[in-house]
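I have placed the structure first, in the form of structure tokens, so that the comments after it can refer back to it.
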Amino acid sequence: MADLTTSLAGITSPNPFWLASAPPTNSGYQVQRAFEAGWGGAVWKTMGDPILNVSSRFASTTFNGQRVAGFNNIELITDRSLEANLREIEETKRKFPDRAIIGSIMVEPQQEKWHEIVKKVEAAGVDGLELNFGCPHGMAERGMGSASGQVPELVEKQTSWVKEAAQTPVIVKLTPNITDITFTAQAAVQGGADAVSMINTINSLAGVDLDTWNTIPNVAGKGAHGGYCGPAVKPIALNMVSESARHPEISVPISGMGGVSSWKEAVEFMLMGASNVQVCTAAMHHGFRIVEDMIDGLNNYLDEKQIYSVNQLIGQSVPKFSDWGELDLNYRVVARINNDACINCNKCHIACEDTSHQCIDMHKDDQGNDILQVREEDCVGCNLCSIVCPVDGAIDMVEAPRQTGDEPMTWNERQSLLSLMPAK
């Protein structure tokens, strides 16, 4: 079996699966249960001045019968005292010395407050600190969380304050509620961060009850925006991790999170530059023992690929990720329908006819059976037919042969050539 040991800014853990700072890491009892199940690390639920939470506070999105396709919450940081949390961190670290325990912290943007909490949390024996600059609700109204995390200058300043006092690695957790996350990631690096983690939750409203007209969730008939996470946010999170991983000024490791529900998403995040992954919603949906499937799946995948260390995955797909202007305009794929597998649901024909390029025709074969056929000369390779097809293997996207004069050319190259042409 492959070696699953990972290191993030010098913080080692027996596997890349950490629990994110969230309800599952709210107490020593929970974190110890998680470690018994096999989790490699845990980021303790954010500590600071204890708060009062509201009831109710969670909501979810069900799509096409899949429950918890997305998850929304208006919960805040820990409602337990700092002293209780630190006592349980110390106990948990003593029982599980090989697991990574990261203390998530958040205080008002004041230098002395950051220094004070850093010293207290590190004294409990954590392996590192994660600065919560991402919480989009509740704490943001108090000048913390994403209120700081959306301002690069505040990210840099507060990170530097923490580094003045910290003896352990400092991870900066970034908010996705910003136009370009690489701006704040760079600010964290400039402030001295040893790593960044992304993404925190996305501003969201889960829904509205059509009978009462109350928001979901609501507190005595009033609602507020919350943070969105779960499988639905994975494409957004994966893009932000990828953009940061390929940015030349973001030279620190990344802890990736946002929709990691199985070993497959973990591999995707690591291929796109993450050194490990953090999980929350999947654990809340299925319990701590899902990590067993994650570990087994990752081991099997690495064995099939003949990869001896999970660290060999990190960043392998980053060079394949570029800007649109660097894509080959002369590369072409077309759809081909395998009529032996086709069930004649006609979803591909309808989708192409109504919303794409009208290049799938209905014919009769020699026995008089209805068949579908793609006019490849008109197909633009948009993938829509293969996406809506309910049968694996019924539609393949295949590379079309290049025509004479169709050498690889990007938009940027095309524009450069046009600029050299004499004006008429």
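Chain lettering (A, B, ...) mirrors the order of the structure tokens, residue numbering begins at 1 for each chain separately, and ligand numbering begins at 1 in order of display.
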
Legend entry - Distance query Leu298 in chain A at most 12 Å, only C-alpha atoms, self and fewer than 2 positions along chain excluded, as a count of residues only: 33

Please report, as a tab-separated table, each residue of range 72-167 of chain A lying at most 7 Å from range 225-237 of chain A, together with the nearest pair of atoms and the separation in Å rounded to one decimal; use only C-alpha atoms, and order rows by chain and ascending residue number.
residue	atom	partner	partner_atom	distance
A:Asn72	CA	A:Tyr228	CA	4.5
A:Asn73	CA	A:Gly226	CA	5.2
A:Ile74	CA	A:Gly226	CA	4.7
A:Pro136	CA	A:Gly227	CA	6.2
A:His137	CA	A:Gly226	CA	5.9

Could you save those same residues with C-alpha atoms as an mmCIF file, in the first residue's frame?
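again10.cif written:
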data_model
loop_
_atom_site.group_PDB
_atom_site.id
_atom_site.type_symbol
_atom_site.label_atom_id
_atom_site.label_comp_id
_atom_site.auth_asym_id
_atom_site.auth_seq_id
_atom_site.Cartn_x
_atom_site.Cartn_y
_atom_site.Cartn_z
ATOM 1 C CA ASN A 72 -26.050 26.233 4.557
ATOM 2 C CA ASN A 73 -25.407 27.391 8.107
ATOM 3 C CA ILE A 74 -25.705 30.534 10.200
ATOM 4 C CA PRO A 136 -19.256 35.226 6.228
ATOM 5 C CA HIS A 137 -21.918 35.884 8.863
#

Inset, instruction - From the DSSP assignment of the backbone, select every residue of range 31-222 of chain A that is alpha helix (DSSP H), and format the answer as a PyMOL selection string. - result: chain A and resi 31-37+82-95+111-123+146-149+152-165+181-190

Inset, instruction - Using only C-alpha atoms, find the one residue out of A:Ser419, A:Gln367, A:Thr6, A:Asn383 that sits nearest to Val333 in chain A. - result: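 Using only C-alpha atoms, the shortest distance to Val333 in chain A belongs to A:Asn383.
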
Inset, instruction - Measuring atom to atom with only C-alpha atoms, identify which of A:Lys119, A:Thr184, A:Ser104, A:Glu164 is nearest to Gln150 in chain A. - result: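 Of A:Lys119, A:Thr184, A:Ser104, A:Glu164, the one nearest Gln150 in chain A, counting only C-alpha atoms, is A:Thr184.
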
Just want the 6 Å neighbourhood of range 41-55 of chain A, counted on only C-alpha atoms, with same-chain residues fewer than 5 positions away dropped. Output as a CSV table (one decimal) with N, CA and C atoms, in the first residue's frame.
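Output file result22.csv follows:
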chain,number,residue,atom,x,y,z
A,18,TRP,N,-8.2,15.8,6.8
A,18,TRP,CA,-8.5,16.5,8.1
A,18,TRP,C,-9.9,16.9,8.2
A,19,LEU,N,-10.4,16.9,9.4
A,19,LEU,CA,-11.7,17.6,9.6
A,19,LEU,C,-11.5,19.1,9.7
A,20,ALA,N,-12.4,19.8,9.0
A,20,ALA,CA,-12.4,21.3,9.0
A,20,ALA,C,-12.9,21.8,10.2
A,21,SER,N,-12.5,23.1,10.5
A,21,SER,CA,-13.1,23.8,11.7
A,21,SER,C,-14.5,24.0,11.5
A,22,ALA,N,-15.4,23.3,12.3
A,22,ALA,CA,-16.8,23.3,12.1
A,22,ALA,C,-17.5,22.5,13.2
A,25,THR,N,-15.8,19.4,15.0
A,25,THR,CA,-14.6,19.6,15.8
A,25,THR,C,-14.8,20.5,17.0
A,26,ASN,N,-16.0,20.5,17.5
A,26,ASN,CA,-16.4,21.4,18.6
A,26,ASN,C,-16.0,21.0,20.0
A,77,ILE,N,-18.7,30.9,15.7
A,77,ILE,CA,-17.6,30.1,16.3
A,77,ILE,C,-18.0,29.4,17.6
A,78,THR,N,-17.1,28.9,18.3
A,78,THR,CA,-17.4,28.1,19.5
A,78,THR,C,-18.2,28.9,20.5
A,79,ASP,N,-19.2,28.2,21.1
A,79,ASP,CA,-19.9,28.8,22.2
A,79,ASP,C,-19.4,28.3,23.5
A,80,ARG,N,-18.3,27.6,23.5
A,80,ARG,CA,-17.7,27.1,24.7
A,80,ARG,C,-16.5,28.0,25.1
A,81,SER,N,-16.1,28.0,26.4
A,81,SER,CA,-15.1,28.8,26.9
A,81,SER,C,-13.7,28.4,26.3
A,99,ARG,N,-1.5,12.5,15.4
A,99,ARG,CA,-2.5,13.2,14.6
A,99,ARG,C,-2.3,14.7,14.7
A,100,ALA,N,-2.6,15.4,13.6
A,100,ALA,CA,-2.5,16.9,13.5
A,100,ALA,C,-3.6,17.5,14.2
A,101,ILE,N,-3.4,18.4,15.1
A,101,ILE,CA,-4.4,19.2,15.7
A,101,ILE,C,-4.1,20.7,15.5
A,102,ILE,N,-5.0,21.4,14.8
A,102,ILE,CA,-4.8,22.8,14.4
A,102,ILE,C,-5.8,23.6,15.2
A,103,GLY,N,-5.3,24.7,15.8
A,103,GLY,CA,-6.2,25.6,16.5
A,103,GLY,C,-6.7,26.7,15.6
A,104,SER,N,-8.0,26.7,15.3
A,104,SER,CA,-8.6,27.8,14.6
A,104,SER,C,-8.9,28.9,15.5
A,105,ILE,N,-8.5,30.1,15.2
A,105,ILE,CA,-8.7,31.3,16.1
A,105,ILE,C,-9.2,32.5,15.3
A,106,MET,N,-9.9,33.3,16.1
A,106,MET,CA,-10.5,34.5,15.5
A,106,MET,C,-10.7,35.5,16.6
A,107,VAL,N,-10.2,36.7,16.5
A,107,VAL,CA,-10.4,37.8,17.5
A,107,VAL,C,-10.6,39.1,16.7

Legend entry - Contacts of Ile337 in chain A within 10 Å, only C-alpha atoms, excl. fewer than 5 positions in-chain, as JSON, numbers by chain: {"A": [342, 348, 360, 371, 372, 373, 374, 385, 386, 393, 394, 395, 396, 397]}

Those selected residues, please, written with N, CA and C atoms and delivered as a PDB file, in the first residue's frame.
ATOM      1  N   CYS A 342     -27.254   2.998 -27.063  1.00  0.00           N
ATOM      2  CA  CYS A 342     -28.296   4.033 -27.004  1.00  0.00           C
ATOM      3  C   CYS A 342     -29.659   3.426 -26.661  1.00  0.00           C
ATOM      4  N   CYS A 348     -30.336  13.626 -26.083  1.00  0.00           N
ATOM      5  CA  CYS A 348     -29.255  14.304 -26.791  1.00  0.00           C
ATOM      6  C   CYS A 348     -29.800  15.100 -27.970  1.00  0.00           C
ATOM      7  N   ILE A 360     -27.612  16.691 -34.541  1.00  0.00           N
ATOM      8  CA  ILE A 360     -27.953  15.284 -34.326  1.00  0.00           C
ATOM      9  C   ILE A 360     -29.239  14.983 -35.084  1.00  0.00           C
ATOM     10  N   ILE A 371     -32.595   5.404 -35.130  1.00  0.00           N
ATOM     11  CA  ILE A 371     -31.230   5.637 -34.649  1.00  0.00           C
ATOM     12  C   ILE A 371     -30.928   7.125 -34.727  1.00  0.00           C
ATOM     13  N   LEU A 372     -29.935   7.527 -33.959  1.00  0.00           N
ATOM     14  CA  LEU A 372     -29.471   8.913 -33.954  1.00  0.00           C
ATOM     15  C   LEU A 372     -28.066   8.965 -34.517  1.00  0.00           C
ATOM     16  N   GLN A 373     -27.773   9.995 -35.266  1.00  0.00           N
ATOM     17  CA  GLN A 373     -26.461  10.123 -35.883  1.00  0.00           C
ATOM     18  C   GLN A 373     -26.025  11.586 -35.873  1.00  0.00           C
ATOM     19  N   VAL A 374     -24.761  11.795 -35.543  1.00  0.00           N
ATOM     20  CA  VAL A 374     -24.194  13.140 -35.481  1.00  0.00           C
ATOM     21  C   VAL A 374     -23.621  13.521 -36.840  1.00  0.00           C
ATOM     22  N   CYS A 385     -24.425  16.914 -25.474  1.00  0.00           N
ATOM     23  CA  CYS A 385     -25.130  15.646 -25.675  1.00  0.00           C
ATOM     24  C   CYS A 385     -24.612  14.569 -24.733  1.00  0.00           C
ATOM     25  N   SER A 386     -23.291  14.503 -24.552  1.00  0.00           N
ATOM     26  CA  SER A 386     -22.726  13.480 -23.669  1.00  0.00           C
ATOM     27  C   SER A 386     -23.038  13.773 -22.207  1.00  0.00           C
ATOM     28  N   GLY A 393     -21.197   5.453 -21.986  1.00  0.00           N
ATOM     29  CA  GLY A 393     -20.712   4.771 -23.172  1.00  0.00           C
ATOM     30  C   GLY A 393     -21.578   4.920 -24.398  1.00  0.00           C
ATOM     31  N   ALA A 394     -22.729   5.577 -24.270  1.00  0.00           N
ATOM     32  CA  ALA A 394     -23.601   5.742 -25.435  1.00  0.00           C
ATOM     33  C   ALA A 394     -23.124   6.868 -26.345  1.00  0.00           C
ATOM     34  N   ILE A 395     -22.446   7.861 -25.778  1.00  0.00           N
ATOM     35  CA  ILE A 395     -21.905   8.959 -26.578  1.00  0.00           C
ATOM     36  C   ILE A 395     -20.454   9.202 -26.163  1.00  0.00           C
ATOM     37  N   ASP A 396     -19.573   9.175 -27.135  1.00  0.00           N
ATOM     38  CA  ASP A 396     -18.166   9.460 -26.897  1.00  0.00           C
ATOM     39  C   ASP A 396     -17.795  10.779 -27.577  1.00  0.00           C
ATOM     40  N   MET A 397     -16.929  11.528 -26.930  1.00  0.00           N
ATOM     41  CA  MET A 397     -16.355  12.714 -27.552  1.00  0.00           C
ATOM     42  C   MET A 397     -14.979  12.313 -28.056  1.00  0.00           C
TER      43      MET A 397
END

Inset, instruction - Within 10 Å of Asn239 in chain A, counting only C-alpha atoms, which residues show up once you throw out same-chain ones fewer than 6 positions away? Write them as an NGL selection string, please. - result: :A and (245 or 269 or 272 or 321)

Can I get the selected residues back with N, CA and C atoms, as a PDB file, in the first residue's frame?
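part-v4.pdb, written as the output of this step:
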ATOM      1  N   ALA A 245      -2.640  27.883  -6.759  1.00  0.00           N
ATOM      2  CA  ALA A 245      -1.498  26.973  -6.917  1.00  0.00           C
ATOM      3  C   ALA A 245      -0.610  27.369  -8.089  1.00  0.00           C
ATOM      4  N   PHE A 269      -8.328  17.699  -5.747  1.00  0.00           N
ATOM      5  CA  PHE A 269      -7.744  18.865  -5.079  1.00  0.00           C
ATOM      6  C   PHE A 269      -6.225  18.755  -5.008  1.00  0.00           C
ATOM      7  N   MET A 272      -4.577  19.438  -8.254  1.00  0.00           N
ATOM      8  CA  MET A 272      -4.613  20.865  -8.563  1.00  0.00           C
ATOM      9  C   MET A 272      -3.869  21.711  -7.539  1.00  0.00           C
ATOM     10  N   PHE A 321      -3.538  23.663 -16.363  1.00  0.00           N
ATOM     11  CA  PHE A 321      -4.562  24.674 -16.081  1.00  0.00           C
ATOM     12  C   PHE A 321      -4.010  26.029 -16.491  1.00  0.00           C
TER      13      PHE A 321
END

Inset, instruction - Identify, with DSSP run on backbone atoms, the residues in range 75-163 of chain A assigned to strand (DSSP E or B), and express the list as a list of chain:residue names. - result: A:Ala100, A:Ile101, A:Ile102, A:Gly103, A:Ser104, A:Ile105, A:Gly128, A:Leu129, A:Glu130, A:Leu131, A:Asn132, A:Phe133

Dump of N, CA and C atoms for the selected residues, as a PDB file, in the first residue's frame:
ATOM      1  N   ALA A 100      -2.616  15.412  13.586  1.00  0.00           N
ATOM      2  CA  ALA A 100      -2.452  16.862  13.533  1.00  0.00           C
ATOM      3  C   ALA A 100      -3.643  17.549  14.190  1.00  0.00           C
ATOM      4  N   ILE A 101      -3.365  18.420  15.130  1.00  0.00           N
ATOM      5  CA  ILE A 101      -4.406  19.240  15.749  1.00  0.00           C
ATOM      6  C   ILE A 101      -4.051  20.703  15.500  1.00  0.00           C
ATOM      7  N   ILE A 102      -4.954  21.368  14.796  1.00  0.00           N
ATOM      8  CA  ILE A 102      -4.751  22.768  14.443  1.00  0.00           C
ATOM      9  C   ILE A 102      -5.764  23.608  15.210  1.00  0.00           C
ATOM     10  N   GLY A 103      -5.321  24.662  15.817  1.00  0.00           N
ATOM     11  CA  GLY A 103      -6.219  25.552  16.540  1.00  0.00           C
ATOM     12  C   GLY A 103      -6.706  26.672  15.639  1.00  0.00           C
ATOM     13  N   SER A 104      -8.000  26.667  15.326  1.00  0.00           N
ATOM     14  CA  SER A 104      -8.577  27.776  14.558  1.00  0.00           C
ATOM     15  C   SER A 104      -8.907  28.908  15.517  1.00  0.00           C
ATOM     16  N   ILE A 105      -8.483  30.119  15.182  1.00  0.00           N
ATOM     17  CA  ILE A 105      -8.669  31.255  16.078  1.00  0.00           C
ATOM     18  C   ILE A 105      -9.204  32.463  15.321  1.00  0.00           C
ATOM     19  N   GLY A 128      -0.329  23.592  14.972  1.00  0.00           N
ATOM     20  CA  GLY A 128      -0.350  24.771  14.123  1.00  0.00           C
ATOM     21  C   GLY A 128      -1.579  25.601  14.405  1.00  0.00           C
ATOM     22  N   LEU A 129      -1.655  26.754  13.778  1.00  0.00           N
ATOM     23  CA  LEU A 129      -2.775  27.672  13.953  1.00  0.00           C
ATOM     24  C   LEU A 129      -3.426  27.928  12.593  1.00  0.00           C
ATOM     25  N   GLU A 130      -4.746  28.067  12.588  1.00  0.00           N
ATOM     26  CA  GLU A 130      -5.447  28.497  11.378  1.00  0.00           C
ATOM     27  C   GLU A 130      -6.221  29.767  11.715  1.00  0.00           C
ATOM     28  N   LEU A 131      -5.947  30.829  10.968  1.00  0.00           N
ATOM     29  CA  LEU A 131      -6.599  32.110  11.207  1.00  0.00           C
ATOM     30  C   LEU A 131      -7.878  32.165  10.382  1.00  0.00           C
ATOM     31  N   ASN A 132      -9.003  32.312  11.048  1.00  0.00           N
ATOM     32  CA  ASN A 132     -10.298  32.297  10.373  1.00  0.00           C
ATOM     33  C   ASN A 132     -10.608  33.692   9.835  1.00  0.00           C
ATOM     34  N   PHE A 133     -10.266  33.906   8.562  1.00  0.00           N
ATOM     35  CA  PHE A 133     -10.606  35.147   7.866  1.00  0.00           C
ATOM     36  C   PHE A 133     -11.723  34.892   6.857  1.00  0.00           C
TER      37      PHE A 133
END

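Separating CA of Val318 in chain A from CA of Ala188 in chain A is a distance of 21.0 Å.
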
Inset, instruction - Within 10 Å of Cys382 in chain A, counting only C-alpha atoms, which residues show up once you throw out same-chain ones fewer than 5 positions away? Write them as a list in words, please. - result: Arg332, Val333, Val334, Ala335, Cys352, Ser356, His357, Ile387 and Met397 of chain A

Inset, instruction - Please provide the set of residues having any atom within 8 Å of Arg142 in chain A, restricted to only C-alpha atoms, with same-chain residues fewer than 3 positions apart removed, written as a ChimeraX atom specification. - result: /A:108,138-139

So that I have them on file, write out the residues from the current selection with C-alpha atoms, as a CSV table (one decimal), in the first residue's frame.
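This is the output file part-v5.csv:
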chain,number,residue,atom,x,y,z
A,108,GLU,CA,-11.0,41.4,16.8
A,138,GLY,CA,-22.3,36.9,12.5
A,139,MET,CA,-18.6,37.5,13.1
